[in-house]
Amino acid sequence: MSESPAPQRPAYVAVCGDGEPRGPDAHRILEWAEEAGHLLARGGATVVTGGLGGVMRAASRGAASADGVTIGILPGTDASEANEFVRVAIPTGLGVVRNLVVVTASDVVLAIGGRHGTLSEIGLALRMGRHVVTLSSWRVESDHRVGGPTLHRARDPREAAALALRLAQAGPEQPS
């Protein structure tokens with residue numbers, strides 16, 4: 001009796017960014033997040049976010065428009081706090097510590113815009129062995145050569161999604 005191979009799970013791509021983008025670029029950031037979410041879902045990825053508003057909502061909306069699966073890792077204990085485009089809401093009760101869960105649940109992280117919460121997710125992702133793609137987000141430099149995953153800058157949502165999908169296929173590396 002031969003066993004059939006285990007089904008391959010889709011790539012899980014976290015899309016991180018500001019929950020309430022402000023400033024002159026806010027509209028563009030939200031458009032980019034929605035387009036990236038759509039392209040990721042069309043590429044077969046499951047889109048993982050923090051489940052709330054802003055970039056998280058826009059990415060989930062884009063993924064949902066392509067009939068993609070969206071997962072929201074929520075900071076609170078109430079699943080109803082998730083935006084309306086989240087298919088699977090996971091309340092954690094962890095507050096901002098849920099950023100670690102978002103990153104750990106994903107194969108690669110796509111940061112679009114963002115403030116300090118996004119920066120924390122970038123740092124956690126690199127620490128956990130996840131590659132990070134940034135689009136109009138933080139520039140991270142180090143005076144020390146460190147091996148392992150790297151930060152990749154994209155110019156537009158199409159490049160960001162394609163890069164995230166390619167890196168997700170390679171899978172996470174061992175945490176440093």
# chains A, B, ... in the order shown; residues from 1 in each chain; ligands from 1
$ residues_around --residues "A:Arg166" --least-positions-apart "6" --cutoff "12 Å" --atoms "only C-alpha atoms" --output "list in words"
Ala11, Tyr12, Val13, Leu40, Gly43, Gly44, Ala45, Asp107, Val108, Val109, His131, Val132, Val133, His152, Glu159, Ala160 and Pro172 of chain A
$ select_by_dssp --residues "chain A" --states "alpha helix (DSSP H)" --output "PyMOL selection string"
chain A and resi 26-42+55-65+98-104+116-127+157-170
$ residues_around --residues "A:Val101" --least-positions-apart "2" --cutoff "10 Å" --atoms "only C-alpha atoms" --output "NGL selection string"
:A and (50 or 73-75 or 92 or 94 or 96-99 or 103-106 or 121 or 124)
$ closest_residue --among "A:Gly113, A:Gly68, A:Gly95, A:Pro157" --to "A:Gly23" --atoms "only C-alpha atoms"
A:Gly113
$ atom_distance --atom1 "atom CA of A:Ala125" --atom2 "atom CA of A:Leu167"
13.1 Å
